[in-house]
Amino acid sequence: MVRVRVIVVNYNSGVWLRSCLRALSRQSVSDFEAVVVDNASTDGSIDDAVPEDPRFAVIALPRNIGFAAANNHAAAGAECPFLATLNPDAEPEPDWLAALLAAADRYPAALAFGSTQVDAGDDSRLDGAGDVYFALGLAWRGLYRQPRSLTPPTGAVFSPCAAAALYRRSAFAAAGGFDERYFCYMEDVDLGFRLRLAGGLCVQVREAVVRHAGSACSGRYSDFTVYHSSRNRIWLFCKNMPQPLFAALLPGHLLLNLLLLVRAWCHGEGRPTWRGQLDGLRGLPALWIERRRVQSRRIAGWREIARGLTWSPLRVLRRSAAVAPLDARPAAAGPRRHEVLH
């Protein structure tokens, strides 16, 4: 019986895709199926990249519909208990999938699971240890570019990074999957936020390791990346923040975006940042309808959500990881809050 569907969304990923799929085919667990979605690549990266393995299938799309929509497309119709997302520039270690599934068995309260991401270009450094969300509306990968020796133990995080994550399929479907309006960037934090609003838990799994290049296709500081990050940052905060927190934090969120715009102009990224923020504001009327739907389904109290946020600006500057130690307990139990600072 197939236990998990692994989804790899490709768009002009070059040689990274071949390495990713070869590593995936060598996983220590065999009860998985893999769906490679090609978003109308033009670099030939999909050609001969997929292993001769009956577990692998390819969906070739006629146009680039984005990371969020492509994952949703591949998830549709899945009947297995779990869905995994894996970036084409992420190379999983042989026990990656086994570690995620073991964590899913150990923590029945958890709806999503993240991986330890090691920098593909420097094995001694991390690419990320779970997604962190600052209360004023800023998200980052914890411990990005910091020593691998600082990897925190398995524990609860705000959201897993979808570059290498596992989701319970039923929870993914109930939440509506990734928000396709985002196209790409921060759609994983958005989903993690909605899973938390639904009363779920997200767990960062230390033993699940991938080597991740990060923005190998789009470029970390490209206009494309900056634009989508700037726009989606506004949507994420305005759609998901519970009303008591939203009212209290909105002035700070506006100030944060102003400071980010000033910083962007100083670093030559002003135009895409401004365009992203402007389109973020333009999209708010339609997003407000979605906000009402999301908040009407909220199960977690606003105080519980507040405990999952990061509040210290110093932790923003340090790009700390925020991990809550937890025990393998029944679904009703929750984590004890703890911040890992490095």
# chains A, B, ... in the order shown; residues from 1 in each chain; ligands from 1
$ residues_around --residues "Ala110 of chain A" --least-positions-apart "6" --cutoff "8 Å" --atoms "only C-alpha atoms" --output "list in words"
Ala104, Gly200, Leu201, Cys202, Val203 and Ala331 of chain A
$ residues_around --residues "Leu256 of chain A" --least-positions-apart "5" --cutoff "10 Å" --atoms "only C-alpha atoms" --output "mmCIF file with N, CA and C atoms, in the first residue's frame"
data_model
loop_
_atom_site.group_PDB
_atom_site.id
_atom_site.type_symbol
_atom_site.label_atom_id
_atom_site.label_comp_id
_atom_site.auth_asym_id
_atom_site.auth_seq_id
_atom_site.Cartn_x
_atom_site.Cartn_y
_atom_site.Cartn_z
ATOM 1 N N LEU A 136 4.873 40.836 13.762
ATOM 2 C CA LEU A 136 4.488 41.952 12.897
ATOM 3 C C LEU A 136 4.380 41.557 11.425
ATOM 4 N N GLY A 137 4.645 40.276 11.132
ATOM 5 C CA GLY A 137 4.390 39.812 9.776
ATOM 6 C C GLY A 137 5.607 39.527 8.920
ATOM 7 N N LEU A 138 6.688 39.061 9.523
ATOM 8 C CA LEU A 138 7.901 38.730 8.774
ATOM 9 C C LEU A 138 8.232 37.270 9.004
ATOM 10 N N LEU A 250 -1.550 45.590 13.576
ATOM 11 C CA LEU A 250 -1.609 46.208 12.256
ATOM 12 C C LEU A 250 -0.719 47.450 12.135
ATOM 13 N N PRO A 251 -0.706 48.384 13.097
ATOM 14 C CA PRO A 251 0.207 49.529 12.951
ATOM 15 C C PRO A 251 1.669 49.101 12.825
ATOM 16 N N LEU A 261 10.615 48.683 2.764
ATOM 17 C CA LEU A 261 10.677 49.415 1.499
ATOM 18 C C LEU A 261 11.882 50.353 1.483
ATOM 19 N N VAL A 262 12.118 51.061 2.568
ATOM 20 C CA VAL A 262 13.277 51.952 2.656
ATOM 21 C C VAL A 262 14.569 51.146 2.511
#
$ residues_around --residues "segment 114-121 of chain A" --least-positions-apart "4" --cutoff "9 Å" --atoms "only C-alpha atoms" --output "compact mmCIF listing (two decimals) with C-alpha atoms, in the first residue's frame"
# COMPACT_ATOMS: atom_id res chain seq x y z
CA ASP A 89 16.99 21.68 -5.81
CA ALA A 90 16.72 19.61 -2.61
CA GLU A 91 18.57 16.30 -2.37
CA TRP A 96 14.66 11.46 4.88
CA LEU A 100 9.31 12.13 8.49
CA ARG A 125 25.98 25.22 7.37
CA LEU A 126 22.21 25.08 7.56
CA ASP A 127 19.82 26.30 4.90
CA GLY A 128 16.97 26.28 7.41
CA ALA A 129 15.48 24.61 10.48
CA GLY A 130 11.77 25.37 10.24
CA ASP A 131 9.89 28.53 9.31
CA TYR A 144 19.65 30.19 7.73
CA ARG A 145 23.39 30.06 6.86
CA ARG A 148 24.95 22.98 11.25
CA THR A 151 20.54 22.22 14.57
CA VAL A 157 7.69 25.11 14.83
CA SER A 159 5.43 26.11 9.96
CA PRO A 160 7.52 23.65 7.96
CA CYS A 161 9.37 24.86 4.88
CA ALA A 162 7.70 23.25 1.85
CA ALA A 163 11.08 22.71 0.19
CA ALA A 164 11.04 19.39 2.08
CA ALA A 165 7.89 18.80 4.12
CA LEU A 166 5.28 16.18 4.96
CA CYS A 202 3.68 21.54 13.03
CA VAL A 203 6.82 19.58 13.92
CA GLN A 204 10.40 20.16 12.79
CA VAL A 205 12.16 16.77 12.45
CA ARG A 206 15.89 16.91 13.15
CA GLU A 207 16.62 13.50 11.61
CA ALA A 208 14.94 14.27 8.26
CA VAL A 209 17.81 15.82 6.29
CA VAL A 210 17.98 17.30 2.79
CA ARG A 211 20.67 19.33 1.05
CA HIS A 212 19.02 22.40 -0.40
CA ALA A 213 20.41 24.89 -2.91
CA GLY A 214 17.60 27.40 -2.31
$ atom_distance --atom1 "atom CA of Pro147 of chain A" --atom2 "atom CA of Pro325 of chain A"
20.7 Å
$ closest_residue --among "A:Val226, A:Ala112, A:Ala75, A:Leu309" --to "Gly177 of chain A" --atoms "only C-alpha atoms"
A:Ala75
$ atom_distance --atom1 "atom CA of Arg3 of chain A" --atom2 "atom CA of Ala98 of chain A"
11.0 Å
$ closest_residue --among "A:Tyr182, A:Trp16, A:Phe32, A:Tyr133" --to "Gly276 of chain A" --atoms "only C-alpha atoms"
A:Tyr182
$ residues_around --residues "Ala139 of chain A" --least-positions-apart "2" --cutoff "12 Å" --atoms "only C-alpha atoms" --output "MDAnalysis selection string"
chainID A and resid 130:137 141:142 144 158:161 185:190 192:193 229:230 232:234 236:237 309:311 315:317 319:322
$ closest_residue --among "A:Gly44, A:Pro285, A:Pro88, A:Pro62" --to "Arg18 of chain A" --atoms "only C-alpha atoms"
A:Pro88
$ atom_distance --atom1 "atom CA of Asp123 of chain A" --atom2 "atom CA of Leu143 of chain A"
14.0 Å
$ closest_residue --among "A:Asn240, A:Ser13, A:Asn87, A:Ser45" --to "Asp179 of chain A" --atoms "only C-alpha atoms"
A:Asn240
$ select_by_dssp --residues "segment 163-238 of chain A" --states "alpha helix (DSSP H)" --output "PyMOL selection string"
chain A and resi 169-174+187-197+223-238
$ write_last_selection --atoms "N, CA and C atoms" --output "short mmCIF file (atom, residue, chain, number, x, y, z; two decimals), in the first residue's frame"
data_model
loop_
_atom_site.label_atom_id
_atom_site.label_comp_id
_atom_site.auth_asym_id
_atom_site.auth_seq_id
_atom_site.Cartn_x
_atom_site.Cartn_y
_atom_site.Cartn_z
N ARG A 169 -2.61 14.18 4.54
CA ARG A 169 -3.39 14.55 3.35
C ARG A 169 -4.76 15.10 3.73
N SER A 170 -5.39 14.51 4.73
CA SER A 170 -6.72 14.97 5.13
C SER A 170 -6.67 16.41 5.62
N ALA A 171 -5.62 16.78 6.37
CA ALA A 171 -5.48 18.15 6.87
C ALA A 171 -5.18 19.10 5.73
N PHE A 172 -4.34 18.68 4.80
CA PHE A 172 -4.00 19.48 3.63
C PHE A 172 -5.26 19.80 2.83
N ALA A 173 -6.09 18.76 2.61
CA ALA A 173 -7.31 18.95 1.84
C ALA A 173 -8.32 19.83 2.59
N ALA A 174 -8.46 19.61 3.90
CA ALA A 174 -9.42 20.39 4.68
C ALA A 174 -9.05 21.87 4.70
N GLU A 187 3.80 30.70 0.54
CA GLU A 187 2.59 29.88 0.52
C GLU A 187 2.68 28.77 1.56
N ASP A 188 3.90 28.34 1.91
CA ASP A 188 4.04 27.30 2.93
C ASP A 188 3.78 27.85 4.33
N VAL A 189 4.24 29.08 4.61
CA VAL A 189 3.95 29.70 5.91
C VAL A 189 2.45 29.97 6.03
N ASP A 190 1.84 30.38 4.93
CA ASP A 190 0.40 30.61 4.91
C ASP A 190 -0.37 29.34 5.25
N LEU A 191 0.03 28.22 4.65
CA LEU A 191 -0.63 26.95 4.95
C LEU A 191 -0.38 26.54 6.39
N GLY A 192 0.88 26.70 6.85
CA GLY A 192 1.19 26.37 8.24
C GLY A 192 0.37 27.19 9.22
N PHE A 193 0.15 28.47 8.89
CA PHE A 193 -0.67 29.34 9.74
C PHE A 193 -2.10 28.81 9.80
N ARG A 194 -2.65 28.46 8.65
CA ARG A 194 -4.03 27.97 8.62
C ARG A 194 -4.18 26.63 9.35
N LEU A 195 -3.15 25.78 9.29
CA LEU A 195 -3.19 24.54 10.05
C LEU A 195 -3.17 24.81 11.55
N ARG A 196 -2.43 25.84 11.94
CA ARG A 196 -2.42 26.23 13.35
C ARG A 196 -3.78 26.79 13.77
N LEU A 197 -4.38 27.60 12.91
CA LEU A 197 -5.72 28.12 13.21
C LEU A 197 -6.73 26.99 13.37
N ASP A 223 14.35 40.09 -8.93
CA ASP A 223 13.13 40.91 -8.88
C ASP A 223 11.91 40.03 -8.67
N PHE A 224 11.90 38.86 -9.29
CA PHE A 224 10.78 37.91 -9.16
C PHE A 224 10.58 37.52 -7.71
N THR A 225 11.67 37.14 -7.04
CA THR A 225 11.60 36.71 -5.65
C THR A 225 11.18 37.86 -4.74
N VAL A 226 11.79 39.02 -4.94
CA VAL A 226 11.50 40.18 -4.10
C VAL A 226 10.05 40.61 -4.25
N TYR A 227 9.56 40.65 -5.48
CA TYR A 227 8.18 41.05 -5.74
C TYR A 227 7.19 40.14 -5.02
N HIS A 228 7.31 38.82 -5.24
CA HIS A 228 6.34 37.89 -4.67
C HIS A 228 6.44 37.85 -3.15
N SER A 229 7.64 37.95 -2.61
CA SER A 229 7.79 37.95 -1.16
C SER A 229 7.14 39.19 -0.56
N SER A 230 7.31 40.35 -1.20
CA SER A 230 6.75 41.60 -0.69
C SER A 230 5.23 41.59 -0.75
N ARG A 231 4.66 41.10 -1.83
CA ARG A 231 3.21 41.04 -1.96
C ARG A 231 2.60 40.04 -1.00
N ASN A 232 3.18 38.84 -0.97
CA ASN A 232 2.59 37.75 -0.19
C ASN A 232 2.72 37.98 1.30
N ARG A 233 3.74 38.75 1.71
CA ARG A 233 3.91 39.07 3.13
C ARG A 233 2.67 39.81 3.67
N ILE A 234 2.14 40.72 2.88
CA ILE A 234 0.95 41.48 3.28
C ILE A 234 -0.26 40.56 3.32
N TRP A 235 -0.43 39.73 2.31
CA TRP A 235 -1.59 38.84 2.26
C TRP A 235 -1.58 37.85 3.42
N LEU A 236 -0.40 37.32 3.74
CA LEU A 236 -0.30 36.32 4.79
C LEU A 236 -0.78 36.88 6.13
N PHE A 237 -0.30 38.07 6.47
CA PHE A 237 -0.66 38.70 7.73
C PHE A 237 -2.16 39.05 7.76
N CYS A 238 -2.64 39.68 6.71
CA CYS A 238 -4.01 40.18 6.71
C CYS A 238 -5.04 39.06 6.64
#
$ select_by_dssp --residues "segment 119-233 of chain A" --states "strand (DSSP E or B)" --output "PyMOL selection string"
chain A and resi 119+125-128+131-134+138-141+147+155-156+159+164-168+201-212
$ closest_atom_pairs --of "segment 71-112 of chain A" --to "segment 34-41 of chain A" --cutoff "10 Å" --atoms "only C-alpha atoms" --output "Markdown table"
| residue | atom | partner | partner_atom | distance |
| --- | --- | --- | --- | --- |
| A:Asn71 | CA | A:Val37 | CA | 7.8 |
| A:His73 | CA | A:Val37 | CA | 8.6 |
| A:Ala74 | CA | A:Val35 | CA | 6.6 |
| A:Ala75 | CA | A:Val35 | CA | 8.8 |
| A:Leu83 | CA | A:Ala34 | CA | 9.8 |
| A:Ala84 | CA | A:Ala34 | CA | 9.1 |
| A:Thr85 | CA | A:Ala34 | CA | 9.8 |
| A:Leu86 | CA | A:Val36 | CA | 9.8 |
| A:Pro88 | CA | A:Val36 | CA | 9.2 |
$ residues_around --residues "Trp288 of chain A" --least-positions-apart "4" --cutoff "10 Å" --atoms "only C-alpha atoms" --output "short mmCIF file (atom, residue, chain, number, x, y, z; two decimals) with C-alpha atoms, in the first residue's frame"
data_model
loop_
_atom_site.label_atom_id
_atom_site.label_comp_id
_atom_site.auth_asym_id
_atom_site.auth_seq_id
_atom_site.Cartn_x
_atom_site.Cartn_y
_atom_site.Cartn_z
CA TRP A 235 -1.59 38.84 2.26
CA CYS A 238 -4.01 40.18 6.71
CA LYS A 239 -5.67 36.86 5.91
CA GLY A 283 -5.53 42.47 -3.61
CA LEU A 284 -6.88 43.08 -0.12
CA ARG A 292 -13.71 35.96 6.82
CA ARG A 293 -13.89 32.34 5.70
CA VAL A 294 -10.58 31.41 7.33
#
$ closest_residue --among "A:Arg303, A:Arg291, A:Arg63, A:Arg298" --to "Pro244 of chain A" --atoms "only C-alpha atoms"
A:Arg303
